[in-house]
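As provided, query-v1.txt (compact mmCIF, C-alpha atoms (C1' of nucleotides)) reads as follows.
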# COMPACT_ATOMS: atom_id res chain seq x y z
CA MET A 1 108.51 14.34 -0.70
CA ALA A 2 108.18 12.83 2.75
CA THR A 3 104.43 12.54 2.59
CA GLY A 4 102.11 10.42 4.72
CA THR A 5 102.60 9.21 8.24
CA ARG A 6 105.92 8.29 9.74
CA ARG A 7 105.21 4.59 9.26
CA GLU A 8 104.40 5.13 5.65
CA ARG A 9 107.63 6.96 5.17
CA GLU A 10 109.56 4.20 6.87
CA ARG A 11 107.88 1.67 4.68
CA ALA A 12 108.80 3.56 1.54
CA GLN A 13 112.33 3.84 2.81
CA ARG A 14 112.56 0.11 3.40
CA GLU A 15 111.17 -0.56 -0.04
CA GLU A 16 113.97 1.46 -1.53
CA LEU A 17 116.39 -0.46 0.65
CA ILE A 18 115.13 -3.72 -0.81
CA VAL A 19 115.51 -2.52 -4.38
CA ARG A 20 118.96 -1.12 -3.69
CA ALA A 21 120.10 -4.31 -1.99
CA ALA A 22 118.76 -6.46 -4.81
CA ARG A 23 120.53 -4.33 -7.37
CA GLU A 24 123.83 -4.25 -5.55
CA LEU A 25 123.74 -7.97 -4.97
CA ALA A 26 122.94 -8.63 -8.61
CA GLU A 27 125.66 -6.32 -9.84
CA ALA A 28 128.18 -7.86 -7.47
CA GLU A 29 127.40 -11.55 -7.87
CA GLY A 30 124.81 -11.86 -10.62
CA TRP A 31 121.08 -12.43 -10.43
CA GLU A 32 121.51 -16.10 -9.61
CA ALA A 33 122.88 -14.97 -6.24
CA VAL A 34 119.81 -12.89 -5.51
CA THR A 35 117.63 -15.33 -3.62
CA THR A 36 114.85 -14.23 -1.33
CA ARG A 37 116.72 -15.63 1.66
CA ARG A 38 119.93 -13.89 0.74
CA LEU A 39 118.15 -10.65 0.03
CA ALA A 40 116.25 -10.84 3.32
CA ALA A 41 119.51 -11.38 5.19
CA GLU A 42 121.05 -8.46 3.36
CA ILE A 43 118.37 -6.03 4.52
CA GLU A 44 118.27 -7.69 7.95
CA TYR A 45 114.64 -8.69 7.78
CA SER A 46 112.94 -12.00 7.19
CA GLN A 47 111.66 -13.18 3.84
CA PRO A 48 107.97 -12.38 4.34
CA VAL A 49 108.88 -8.72 4.66
CA LEU A 50 109.90 -8.78 1.02
CA TYR A 51 106.48 -10.08 0.11
CA SER A 52 104.75 -7.36 2.09
CA HIS A 53 106.36 -4.90 -0.32
CA PHE A 54 106.42 -6.85 -3.57
CA LYS A 55 104.21 -9.53 -5.03
CA GLY A 56 107.22 -11.72 -5.68
CA LYS A 57 110.82 -11.83 -6.75
CA ASP A 58 109.89 -10.80 -10.28
CA ALA A 59 108.33 -7.61 -8.95
CA ILE A 60 111.59 -6.76 -7.20
CA MET A 61 113.52 -7.33 -10.41
CA THR A 62 111.03 -5.16 -12.23
CA ALA A 63 111.65 -2.37 -9.74
CA VAL A 64 115.39 -2.69 -10.35
CA ALA A 65 114.74 -2.68 -14.09
CA ALA A 66 112.74 0.52 -13.75
CA GLU A 67 115.72 2.17 -12.10
CA GLY A 68 117.85 0.93 -14.94
CA PHE A 69 115.61 2.38 -17.61
CA GLY A 70 115.74 5.74 -15.90
CA GLU A 71 119.52 5.73 -15.74
CA LEU A 72 119.88 4.51 -19.29
CA ALA A 73 117.68 7.32 -20.53
CA LYS A 74 119.73 9.80 -18.57
CA GLU A 75 123.02 8.59 -20.00
CA VAL A 76 121.69 8.50 -23.53
CA ARG A 77 120.37 12.00 -23.10
CA ALA A 78 123.69 13.25 -21.81
CA ALA A 79 125.50 11.73 -24.76
CA ARG A 80 123.04 13.15 -27.24
CA THR A 81 123.02 16.70 -25.93
CA ALA A 82 126.80 16.77 -25.65
CA ALA A 83 127.26 15.97 -29.33
CA THR A 84 127.13 18.61 -32.05
CA GLY A 85 125.99 17.24 -35.41
CA ALA A 86 123.22 14.76 -36.12
CA SER A 87 125.51 11.91 -37.08
CA GLU A 88 127.77 12.61 -34.15
CA ALA A 89 124.79 12.58 -31.83
CA LEU A 90 123.67 9.22 -33.19
CA ALA A 91 127.14 7.79 -32.70
CA ALA A 92 127.34 9.19 -29.19
CA VAL A 93 123.95 7.75 -28.32
CA ALA A 94 124.90 4.35 -29.67
CA ALA A 95 128.14 4.33 -27.73
CA ALA A 96 126.37 5.41 -24.55
CA TYR A 97 123.77 2.70 -24.96
CA THR A 98 126.18 -0.15 -25.51
CA ASP A 99 128.48 1.14 -22.79
CA PHE A 100 125.59 1.04 -20.39
CA ALA A 101 124.82 -2.56 -21.28
CA ARG A 102 128.46 -3.54 -20.97
CA LYS A 103 129.17 -1.79 -17.68
CA ARG A 104 125.92 -2.77 -15.97
CA PRO A 105 125.21 -6.27 -17.20
CA ALA A 106 123.04 -7.25 -14.25
CA LEU A 107 120.95 -4.14 -14.61
CA TYR A 108 120.60 -4.65 -18.34
CA ASP A 109 119.61 -8.25 -17.73
CA ALA A 110 116.86 -7.16 -15.37
CA MET A 111 115.63 -4.73 -17.99
CA PHE A 112 115.58 -7.04 -20.98
CA THR A 113 116.40 -10.65 -20.33
CA HIS A 114 114.51 -11.42 -17.16
CA THR A 115 111.51 -9.20 -16.70
CA VAL A 116 109.06 -10.06 -19.45
CA GLU A 117 105.99 -8.52 -17.89
CA VAL A 118 106.87 -4.99 -18.87
CA GLN A 119 104.79 -4.12 -21.87
CA PHE A 120 105.55 -0.87 -23.51
CA ALA A 121 106.37 -0.18 -27.12
CA SER A 122 103.52 1.89 -28.51
CA GLU A 123 101.76 4.49 -26.42
CA ASP A 124 100.77 3.02 -23.09
CA GLY A 125 104.10 1.95 -21.66
CA PRO A 126 105.41 3.23 -18.35
CA ALA A 127 106.86 6.71 -18.36
CA TYR A 128 110.45 5.67 -17.79
CA LEU A 129 110.28 3.48 -20.88
CA ARG A 130 108.86 6.18 -23.09
CA GLU A 131 111.55 8.46 -21.77
CA GLY A 132 114.35 6.20 -22.96
CA PHE A 133 112.71 5.60 -26.28
CA GLY A 134 112.20 9.33 -26.66
CA GLU A 135 115.92 9.92 -26.22
CA LEU A 136 116.72 7.47 -28.98
CA LEU A 137 114.02 8.99 -31.12
CA ALA A 138 115.48 12.46 -30.72
CA ALA A 139 118.79 11.17 -32.03
CA VAL A 140 117.36 9.16 -34.91
CA GLU A 141 114.66 11.56 -36.12
CA PRO A 142 116.97 14.15 -37.72
CA LEU A 143 118.41 11.37 -39.89
CA ALA A 144 115.16 9.64 -40.78
CA GLY A 145 114.54 11.39 -44.05
CA ASP A 146 111.37 10.02 -45.60
CA ASP A 147 111.22 7.04 -43.28
CA ASP A 148 108.95 6.82 -40.28
CA PRO A 149 111.04 8.11 -37.38
CA GLY A 150 109.35 5.90 -34.80
CA VAL A 151 109.78 2.67 -36.70
CA LEU A 152 113.32 3.64 -37.64
CA THR A 153 114.11 4.30 -34.00
CA GLU A 154 112.75 0.91 -33.07
CA THR A 155 114.97 -0.67 -35.67
CA PHE A 156 118.03 1.22 -34.53
CA TRP A 157 117.27 0.34 -30.95
CA ALA A 158 116.96 -3.33 -31.88
CA SER A 159 120.38 -3.17 -33.53
CA LEU A 160 121.94 -1.70 -30.41
CA HIS A 161 120.20 -4.24 -28.24
CA GLY A 162 121.35 -7.11 -30.40
CA LEU A 163 124.91 -5.88 -30.34
CA ALA A 164 124.79 -5.51 -26.59
CA MET A 165 123.40 -8.98 -26.07
CA LEU A 166 125.69 -10.84 -28.44
CA GLU A 167 128.80 -9.08 -27.21
CA ARG A 168 127.83 -9.60 -23.60
CA SER A 169 127.39 -13.33 -24.06
CA GLY A 170 130.76 -13.57 -25.76
CA ARG A 171 129.22 -14.69 -29.03
CA LEU A 172 130.66 -11.64 -30.70
CA PRO A 173 134.20 -10.82 -29.61
CA ALA A 174 134.23 -7.52 -27.78
CA ALA A 175 137.43 -6.55 -29.54
CA TRP A 176 135.60 -5.40 -32.67
CA HIS A 177 132.90 -3.49 -30.85
CA ASP A 178 133.95 -0.08 -32.11
CA GLU A 179 134.13 -1.31 -35.68
CA ARG A 180 130.63 -2.74 -35.49
CA LEU A 181 129.30 0.44 -33.99
CA GLY A 182 131.00 2.43 -36.71
CA LEU A 183 129.45 0.32 -39.44
CA LEU A 184 126.03 0.57 -37.83
CA ILE A 185 126.23 4.35 -37.55
CA GLY A 186 127.40 4.53 -41.12
CA ARG A 187 124.32 2.62 -42.25
CA PHE A 188 121.88 4.66 -40.18
CA ALA A 189 123.35 8.08 -40.86
CA VAL A 190 123.60 7.92 -44.62
CA GLY A 191 122.81 10.79 -46.93
CA LYS A 192 120.06 12.56 -45.10
CA GLY A 193 120.47 15.37 -42.60
CA MET B 1 125.83 -44.55 -38.92
CA ALA B 2 124.99 -47.55 -36.77
CA THR B 3 128.49 -47.99 -35.46
CA GLY B 4 129.66 -49.71 -32.30
CA THR B 5 127.98 -52.45 -30.35
CA ARG B 6 124.26 -52.84 -30.03
CA ARG B 7 124.31 -51.30 -26.57
CA GLU B 8 126.20 -48.31 -27.83
CA ARG B 9 123.70 -47.85 -30.57
CA GLU B 10 120.84 -48.08 -28.10
CA ARG B 11 122.53 -45.52 -25.92
CA ALA B 12 122.92 -43.10 -28.80
CA GLN B 13 119.30 -43.66 -29.70
CA ARG B 14 118.18 -42.87 -26.19
CA GLU B 15 120.30 -39.77 -26.15
CA GLU B 16 118.49 -38.53 -29.22
CA LEU B 17 115.23 -39.41 -27.53
CA ILE B 18 116.16 -37.19 -24.59
CA VAL B 19 117.03 -34.24 -26.80
CA ARG B 20 113.88 -34.67 -28.86
CA ALA B 21 111.69 -34.93 -25.78
CA ALA B 22 113.29 -31.86 -24.23
CA ARG B 23 112.77 -29.88 -27.39
CA GLU B 24 109.16 -30.94 -27.88
CA LEU B 25 108.34 -30.22 -24.28
CA ALA B 26 109.97 -26.81 -24.48
CA GLU B 27 108.22 -25.92 -27.71
CA ALA B 28 104.89 -27.08 -26.33
CA GLU B 29 104.99 -25.61 -22.84
CA GLY B 30 108.11 -23.48 -22.61
CA TRP B 31 111.46 -24.21 -20.98
CA GLU B 32 110.08 -23.61 -17.51
CA ALA B 33 108.09 -26.82 -17.97
CA VAL B 34 111.21 -28.81 -18.84
CA THR B 35 112.25 -30.13 -15.44
CA THR B 36 114.44 -33.16 -15.01
CA ARG B 37 111.57 -35.06 -13.41
CA ARG B 38 109.16 -34.18 -16.18
CA LEU B 39 111.69 -34.99 -18.85
CA ALA B 40 112.52 -38.30 -17.21
CA ALA B 41 108.83 -39.19 -17.10
CA GLU B 42 108.49 -38.23 -20.75
CA ILE B 43 111.17 -40.66 -21.89
CA GLU B 44 109.98 -43.24 -19.36
CA TYR B 45 113.24 -43.45 -17.46
CA SER B 46 114.33 -42.12 -14.12
CA GLN B 47 116.22 -38.89 -13.62
CA PRO B 48 119.72 -40.35 -13.19
CA VAL B 49 119.50 -41.73 -16.70
CA LEU B 50 119.55 -38.16 -17.96
CA TYR B 51 122.75 -37.56 -16.06
CA SER B 52 124.37 -40.65 -17.53
CA HIS B 53 124.03 -38.96 -20.92
CA PHE B 54 124.46 -35.29 -20.06
CA LYS B 55 126.40 -33.47 -17.40
CA GLY B 56 123.31 -31.53 -16.42
CA LYS B 57 120.21 -29.80 -17.64
CA ASP B 58 122.27 -27.10 -19.30
CA ALA B 59 124.00 -29.70 -21.43
CA ILE B 60 120.63 -30.96 -22.63
CA MET B 61 119.59 -27.45 -23.55
CA THR B 62 122.87 -27.00 -25.35
CA ALA B 63 122.15 -30.12 -27.39
CA VAL B 64 118.75 -28.71 -28.31
CA ALA B 65 120.38 -25.41 -29.19
CA ALA B 66 122.81 -27.20 -31.48
CA GLU B 67 119.90 -28.68 -33.38
CA GLY B 68 118.40 -25.23 -33.61
CA PHE B 69 121.55 -23.71 -35.07
CA GLY B 70 121.62 -26.39 -37.73
CA GLU B 71 118.03 -25.78 -38.72
CA LEU B 72 118.41 -22.03 -38.67
CA ALA B 73 121.39 -22.28 -41.00
CA LYS B 74 119.40 -24.51 -43.31
CA GLU B 75 116.46 -22.14 -43.50
CA VAL B 76 118.67 -19.13 -44.04
CA ARG B 77 120.50 -20.95 -46.77
CA ALA B 78 117.27 -21.91 -48.49
CA ALA B 79 116.07 -18.33 -48.40
CA ARG B 80 119.35 -17.00 -49.73
CA THR B 81 119.74 -19.41 -52.61
CA ALA B 82 116.11 -18.95 -53.66
CA ALA B 83 116.54 -15.19 -54.06
CA THR B 84 117.94 -13.62 -57.20
CA GLY B 85 119.66 -10.27 -56.55
CA ALA B 86 121.96 -9.33 -53.71
CA SER B 87 119.49 -7.02 -51.99
CA GLU B 88 116.70 -9.50 -52.44
CA ALA B 89 118.86 -12.22 -50.94
CA LEU B 90 119.62 -10.06 -47.93
CA ALA B 91 115.94 -9.34 -47.43
CA ALA B 92 115.05 -13.00 -47.81
CA VAL B 93 117.72 -13.98 -45.31
CA ALA B 94 116.52 -11.41 -42.81
CA ALA B 95 112.93 -12.55 -43.14
CA ALA B 96 113.93 -16.19 -42.77
CA TYR B 97 115.96 -15.44 -39.67
CA THR B 98 113.27 -13.47 -37.86
CA ASP B 99 110.61 -15.95 -38.94
CA PHE B 100 112.65 -18.71 -37.38
CA ALA B 101 112.90 -16.84 -34.11
CA ARG B 102 109.19 -16.08 -34.12
CA LYS B 103 107.98 -19.54 -35.01
CA ARG B 104 110.36 -21.44 -32.74
CA PRO B 105 110.69 -19.24 -29.67
CA ALA B 106 111.71 -22.05 -27.35
CA LEU B 107 114.39 -23.20 -29.72
CA TYR B 108 115.66 -19.66 -30.19
CA ASP B 109 115.70 -19.19 -26.44
CA ALA B 110 117.85 -22.27 -26.02
CA MET B 111 120.22 -20.95 -28.65
CA PHE B 112 120.63 -17.42 -27.34
CA THR B 113 118.95 -16.62 -24.07
CA HIS B 114 119.69 -19.66 -21.97
CA THR B 115 122.81 -21.43 -23.05
CA VAL B 116 125.70 -19.12 -22.35
CA GLU B 117 128.46 -21.68 -22.47
CA VAL B 118 128.60 -21.79 -26.24
CA GLN B 119 131.56 -19.71 -27.30
CA PHE B 120 131.95 -19.15 -30.95
CA ALA B 121 132.35 -15.88 -32.79
CA SER B 122 135.79 -15.86 -34.32
CA GLU B 123 137.38 -19.01 -35.64
CA ASP B 124 137.13 -21.78 -33.10
CA GLY B 125 133.38 -22.07 -32.64
CA PRO B 126 131.50 -25.31 -33.24
CA ALA B 127 130.84 -26.21 -36.85
CA TYR B 128 127.09 -25.68 -36.73
CA LEU B 129 127.68 -22.13 -35.53
CA ARG B 130 130.16 -21.28 -38.23
CA GLU B 131 127.71 -22.72 -40.71
CA GLY B 132 124.97 -20.31 -39.73
CA PHE B 133 127.31 -17.38 -39.65
CA GLY B 134 128.62 -18.40 -43.04
CA GLU B 135 125.14 -18.27 -44.49
CA LEU B 136 124.66 -14.74 -43.24
CA LEU B 137 128.09 -13.81 -44.48
CA ALA B 138 127.29 -15.07 -47.95
CA ALA B 139 124.29 -12.77 -48.06
CA VAL B 140 126.04 -9.73 -46.62
CA GLU B 141 129.37 -9.95 -48.42
CA PRO B 142 128.16 -8.89 -51.86
CA LEU B 143 126.86 -5.67 -50.33
CA ALA B 144 129.79 -4.92 -48.06
CA GLY B 145 131.62 -2.58 -50.42
CA ASP B 146 134.76 -1.34 -48.72
CA ASP B 147 133.68 -2.51 -45.28
CA ASP B 148 134.95 -5.66 -43.62
CA PRO B 149 132.42 -8.36 -44.58
CA GLY B 150 132.88 -10.31 -41.37
CA VAL B 151 132.34 -7.38 -39.06
CA LEU B 152 129.47 -6.14 -41.18
CA THR B 153 127.85 -9.56 -41.00
CA GLU B 154 128.22 -9.54 -37.24
CA THR B 155 126.52 -6.17 -37.12
CA PHE B 156 123.71 -7.25 -39.38
CA TRP B 157 123.27 -10.40 -37.38
CA ALA B 158 123.07 -8.37 -34.19
CA SER B 159 120.34 -6.24 -35.72
CA LEU B 160 118.31 -9.29 -36.64
CA HIS B 161 118.86 -10.77 -33.22
CA GLY B 162 117.79 -7.58 -31.49
CA LEU B 163 114.66 -7.34 -33.59
CA ALA B 164 113.81 -10.95 -32.85
CA MET B 165 114.31 -10.52 -29.13
CA LEU B 166 112.42 -7.25 -28.73
CA GLU B 167 109.51 -8.37 -30.84
CA ARG B 168 109.31 -11.70 -29.10
CA SER B 169 109.13 -10.09 -25.68
CA GLY B 170 106.39 -7.78 -26.85
CA ARG B 171 108.52 -4.71 -26.32
CA LEU B 172 108.21 -3.92 -29.99
CA PRO B 173 104.74 -4.49 -31.42
CA ALA B 174 104.87 -7.28 -33.97
CA ALA B 175 102.53 -5.36 -36.23
CA TRP B 176 105.35 -3.24 -37.65
CA HIS B 177 107.76 -6.09 -38.15
CA ASP B 178 107.80 -5.87 -41.92
CA GLU B 179 108.39 -2.14 -41.85
CA ARG B 180 111.35 -2.55 -39.51
CA LEU B 181 112.83 -5.25 -41.68
CA GLY B 182 112.35 -3.05 -44.72
CA LEU B 183 114.15 -0.15 -43.09
CA LEU B 184 116.96 -2.40 -41.93
CA ILE B 185 117.46 -3.88 -45.37
CA GLY B 186 117.39 -0.41 -46.86
CA ARG B 187 120.21 0.64 -44.57
CA PHE B 188 122.34 -2.43 -45.19
CA ALA B 189 121.83 -2.64 -48.92
CA VAL B 190 122.60 0.93 -49.87
CA GLY B 191 124.51 1.94 -52.93
CA LYS B 192 126.99 -0.87 -53.27
CA GLY B 193 126.48 -4.05 -55.24
C1' DA C 1 100.55 3.75 33.25
C1' DC C 2 98.14 0.02 31.89
C1' DA C 3 94.89 -3.41 29.22
C1' DG C 4 93.26 -4.28 24.82
C1' DA C 5 93.21 -4.02 19.84
C1' DT C 6 95.99 -3.84 15.73
C1' DT C 7 99.54 -3.91 12.98
C1' DT C 8 104.06 -5.79 12.04
C1' DC C 9 107.15 -9.44 11.98
C1' DC C 10 109.39 -14.04 12.22
C1' DT C 11 109.47 -19.11 12.65
C1' DA C 12 108.48 -23.05 10.39
C1' DG C 13 106.97 -25.33 6.67
C1' DC C 14 105.24 -26.59 1.74
C1' DA C 15 105.95 -27.90 -2.89
C1' DG C 16 109.04 -27.65 -6.21
C1' DT C 17 113.94 -27.50 -8.40
C1' DG C 18 118.73 -29.75 -10.08
C1' DC C 19 121.46 -33.28 -8.85
C1' DT C 20 123.53 -37.71 -6.61
C1' DA C 21 124.80 -41.74 -3.42
C1' DG C 22 123.74 -46.34 -2.72
C1' DA C 23 120.62 -50.06 -3.17
C1' DA C 24 118.29 -53.04 -6.45
C1' DT C 25 117.82 -55.00 -10.79
C1' DC C 26 119.15 -56.81 -15.06
C1' DA C 27 122.35 -58.63 -18.65
C1' DG C 28 126.11 -61.56 -20.19
C1' DC C 29 129.14 -65.53 -19.32
C1' DG C 30 131.39 -69.72 -17.38
C1' DC D 1 122.29 -72.33 -12.65
C1' DG D 2 125.35 -68.84 -10.16
C1' DC D 3 128.35 -65.27 -10.48
C1' DT D 4 130.11 -60.73 -12.06
C1' DG D 5 129.57 -56.30 -13.78
C1' DA D 6 127.00 -52.83 -15.88
C1' DT D 7 122.57 -50.43 -15.69
C1' DT D 8 118.71 -48.37 -13.52
C1' DC D 9 115.83 -46.81 -9.76
C1' DT D 10 114.66 -45.31 -5.06
C1' DA D 11 115.38 -42.09 -1.83
C1' DG D 12 117.37 -38.21 -0.39
C1' DC D 13 120.20 -33.67 -0.15
C1' DA D 14 120.48 -28.78 -0.44
C1' DC D 15 118.38 -25.32 -2.50
C1' DT D 16 114.55 -22.32 -4.57
C1' DG D 17 110.13 -19.05 -4.25
C1' DC D 18 106.50 -18.46 -1.39
C1' DT D 19 103.05 -18.56 2.71
C1' DA D 20 100.17 -19.80 6.94
C1' DG D 21 99.92 -18.95 11.93
C1' DG D 22 101.68 -17.60 15.97
C1' DA D 23 104.76 -14.27 18.44
C1' DA D 24 106.13 -9.68 19.19
C1' DA D 25 105.97 -4.93 18.99
C1' DT D 26 103.18 -0.83 18.43
C1' DC D 27 99.33 2.15 18.83
C1' DT D 28 94.88 3.40 21.28
C1' DG D 29 91.64 4.70 24.96
C1' DT D 30 90.92 5.09 29.68

In structure tokens, how does this file's structure come out?
Amino acid sequence: MATGTRRERERAQREELIVRAARELAEAEGWEAVTTRRLAAEIEYSQPVLYSHFKGKDAIMTAVAAEGFGELAKEVRAARTAATGASEALAAVAAAYTDFARKRPALYDAMFTHTVEVQFASEDGPAYLREGFGELLAAVEPLAGDDDPGVLTETFWASLHGLAMLERSGRLPAAWHDERLGLLIGRFAVGKG
Amino acid sequence: MATGTRRERERAQREELIVRAARELAEAEGWEAVTTRRLAAEIEYSQPVLYSHFKGKDAIMTAVAAEGFGELAKEVRAARTAATGASEALAAVAAAYTDFARKRPALYDAMFTHTVEVQFASEDGPAYLREGFGELLAAVEPLAGDDDPGVLTETFWASLHGLAMLERSGRLPAAWHDERLGLLIGRFAVGKG
DNA sequence: ACAGATTTCCTAGCAGTGCTAGAATCAGCG
DNA sequence: CGCTGATTCTAGCACTGCTAGGAAATCTGT
């Protein structure tokens, strides 16, 4: 790293500072506290500086979301590789995923609730998105049997996402989280493998 | 109906007008178009009139969400009672649920994405929420086997919700919707019943 | 080291938001 | 009709994301 002129390096450094400040502010006080004025004050620059790096506030949130996807993929991967059997790996992955959503609500919000512009799914999504999906796929595939592993992974992912969202909003009491996860794993790890 | 004085009846009528206007505007142009000024212009009153009926914009969205929960429950019920077997009922319910979310995105947003204040889950939620959950429960229970029907229903609901959200945001291509639903039903309707 | 060109940065402001105080208007009643 | 009280509107506040234009700092060539 450290390519380009000194100014270019300083710019890149400040861009990271913006993303880090936005993330920390969101995690500390929620995204509603992340205003451009507040964020500018936090990095000790004026508002227009933000716009010299990002097209708008959404772009900053997207950058935070990208960080989040990378970390989520890493945690899911760690959980998967640490587990032994196929079912155990699926359970570990599911627990890691929902834990991530629960412990980093602001980050998860940036990834799924707020930023809509990120298009991925099929083949042409950003790398960090394919990475996360690939981790889930690696855990689901051994248990897919005759079913399409990709579509099954999408379905499993949707279940995890739904659980995370409903529990986070308080619509499902968090107390029964483990039971729900257990039932879900039971349904997705039946028979095969 | 038609209780109280004439003025009270007119007030109630105007309150319904507000909710209807907010909903129609949201469904036509999205919730970002529903501003208090725009909504006031739509009902041909000034902004403070809105606040004489509702505590704030969130309260109006909550009222719209309440309507949505009622209609969702009705559609799920219709799908469930029209189906014959237990697995078929579950599939019909799942299709009805995701269809609702797809065809009424603004309404579904009001119900789940925006309004956070609605607490329900366990026992003390509003009636219209328990109604919808009850419909899902009625479809899931026959297939629960030894598992807790309530918790299993919550899990199934979360899966449907996750599918609806990810497909709506374009993160999962809508083209494979039916396949995902099929896989989900297959996992939740195994063996038992 | 200094003048000029260039890039970087900030001040000030715009149009819009949700929401509200106080003035104006309207309804009901003696 | 005139008064009282409820109802409604005008005007404004504090805030948002975002941006034009001038000020300030930096780099360049002599």

Need to verify the contact set: range 124-133 of chain A, 12 Å, all atoms listed in the file, exclusion of same-chain residues closer than 2 positions in sequence. Can you return it as a ChimeraX atom specification? /A:62-63,65-78,80,93,97,111-112,117-122,135-141,149-158 /B:170-173

With C-alpha atoms retained, export the selected residues as an mmCIF file, in the coordinates of the input.
data_model
loop_
_atom_site.group_PDB
_atom_site.id
_atom_site.type_symbol
_atom_site.label_atom_id
_atom_site.label_comp_id
_atom_site.auth_asym_id
_atom_site.auth_seq_id
_atom_site.Cartn_x
_atom_site.Cartn_y
_atom_site.Cartn_z
ATOM 1 C CA THR A 62 111.030 -5.160 -12.230
ATOM 2 C CA ALA A 63 111.650 -2.370 -9.740
ATOM 3 C CA ALA A 65 114.740 -2.680 -14.090
ATOM 4 C CA ALA A 66 112.740 0.520 -13.750
ATOM 5 C CA GLU A 67 115.720 2.170 -12.100
ATOM 6 C CA GLY A 68 117.850 0.930 -14.940
ATOM 7 C CA PHE A 69 115.610 2.380 -17.610
ATOM 8 C CA GLY A 70 115.740 5.740 -15.900
ATOM 9 C CA GLU A 71 119.520 5.730 -15.740
ATOM 10 C CA LEU A 72 119.880 4.510 -19.290
ATOM 11 C CA ALA A 73 117.680 7.320 -20.530
ATOM 12 C CA LYS A 74 119.730 9.800 -18.570
ATOM 13 C CA GLU A 75 123.020 8.590 -20.000
ATOM 14 C CA VAL A 76 121.690 8.500 -23.530
ATOM 15 C CA ARG A 77 120.370 12.000 -23.100
ATOM 16 C CA ALA A 78 123.690 13.250 -21.810
ATOM 17 C CA ARG A 80 123.040 13.150 -27.240
ATOM 18 C CA VAL A 93 123.950 7.750 -28.320
ATOM 19 C CA TYR A 97 123.770 2.700 -24.960
ATOM 20 C CA MET A 111 115.630 -4.730 -17.990
ATOM 21 C CA PHE A 112 115.580 -7.040 -20.980
ATOM 22 C CA GLU A 117 105.990 -8.520 -17.890
ATOM 23 C CA VAL A 118 106.870 -4.990 -18.870
ATOM 24 C CA GLN A 119 104.790 -4.120 -21.870
ATOM 25 C CA PHE A 120 105.550 -0.870 -23.510
ATOM 26 C CA ALA A 121 106.370 -0.180 -27.120
ATOM 27 C CA SER A 122 103.520 1.890 -28.510
ATOM 28 C CA GLU A 135 115.920 9.920 -26.220
ATOM 29 C CA LEU A 136 116.720 7.470 -28.980
ATOM 30 C CA LEU A 137 114.020 8.990 -31.120
ATOM 31 C CA ALA A 138 115.480 12.460 -30.720
ATOM 32 C CA ALA A 139 118.790 11.170 -32.030
ATOM 33 C CA VAL A 140 117.360 9.160 -34.910
ATOM 34 C CA GLU A 141 114.660 11.560 -36.120
ATOM 35 C CA PRO A 149 111.040 8.110 -37.380
ATOM 36 C CA GLY A 150 109.350 5.900 -34.800
ATOM 37 C CA VAL A 151 109.780 2.670 -36.700
ATOM 38 C CA LEU A 152 113.320 3.640 -37.640
ATOM 39 C CA THR A 153 114.110 4.300 -34.000
ATOM 40 C CA GLU A 154 112.750 0.910 -33.070
ATOM 41 C CA THR A 155 114.970 -0.670 -35.670
ATOM 42 C CA PHE A 156 118.030 1.220 -34.530
ATOM 43 C CA TRP A 157 117.270 0.340 -30.950
ATOM 44 C CA ALA A 158 116.960 -3.330 -31.880
ATOM 45 C CA GLY B 170 106.390 -7.780 -26.850
ATOM 46 C CA ARG B 171 108.520 -4.710 -26.320
ATOM 47 C CA LEU B 172 108.210 -3.920 -29.990
ATOM 48 C CA PRO B 173 104.740 -4.490 -31.420
#

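With CA of Glu32 in chain B on one side and CA of Ala33 in chain A on the other, the separation reads 19.1 Å.
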
Closest-contact table, chain C side, partner chain B, 12 Å, counting all atoms listed in the file, as a tab-separated table:
residue	atom	partner	partner_atom	distance
C:DG16	C1'	B:Thr35	CA	10.1
C:DT17	C1'	B:Thr35	CA	7.7
C:DG18	C1'	B:Thr36	CA	7.4
C:DC19	C1'	B:Gly56	CA	8.0
C:DT20	C1'	B:Pro48	CA	8.0
C:DA21	C1'	B:Pro48	CA	11.1
C:DA27	C1'	B:Arg7	CA	11.0

Please compute the CA of Glu16 in chain B-CA of Ala110 in chain B distance, one decimal, in Å.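 Going from CA of Glu16 in chain B over to CA of Ala110 in chain B covers 16.6 Å.
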
Within 12 Å of chain B, which residues of chain D come that close, and what is the closest atom pair and distance in Å for each? Count all atoms listed in the file and give it as a Markdown table.
| residue | atom | partner | partner_atom | distance |
| --- | --- | --- | --- | --- |
| D:DA6 | C1' | B:Arg7 | CA | 11.1 |
| D:DT7 | C1' | B:Val49 | CA | 9.3 |
| D:DT8 | C1' | B:Val49 | CA | 7.4 |
| D:DC9 | C1' | B:Ser46 | CA | 6.6 |
| D:DT10 | C1' | B:Ser46 | CA | 9.6 |

Please measure the separation of CA of Val64 in chain A and CA of Arg14 in chain A, giving the value in Å to one decimal. 14.3 Å

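In this comparison, which uses all atoms listed in the file, the residue of B:Ala174, B:Glu10, B:Ala91, B:Leu163 approaching Arg187 in chain B most closely is B:Ala91.
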
List as a list in words the protein and nucleic acid residues near DA23 in chain D, meaning an atom at most 12 Å away when all atoms listed in the file are counted, but skip any in the same chain fewer than 6 places from it.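 Everything that qualifies: DT8, DC9, DC10 and DT11 of chain C.
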
If we count all atoms listed in the file and set the cut-off at 12 Å, which residues sit around DC3 in chain D, ignoring sequence neighbours fewer than 5 positions away in its own chain? Please answer as a ChimeraX atom specification. /C:28-30

Contact residues around DT6 in chain C with all atoms listed in the file at 12 Å, ignoring same-chain residues under 5 positions, as a compact mmCIF listing (two decimals) with C-alpha atoms (C1' of nucleotides), in the coordinates of the input:
# COMPACT_ATOMS: atom_id res chain seq x y z
C1' DA D 25 105.97 -4.93 18.99
C1' DT D 26 103.18 -0.83 18.43
C1' DC D 27 99.33 2.15 18.83
C1' DT D 28 94.88 3.40 21.28
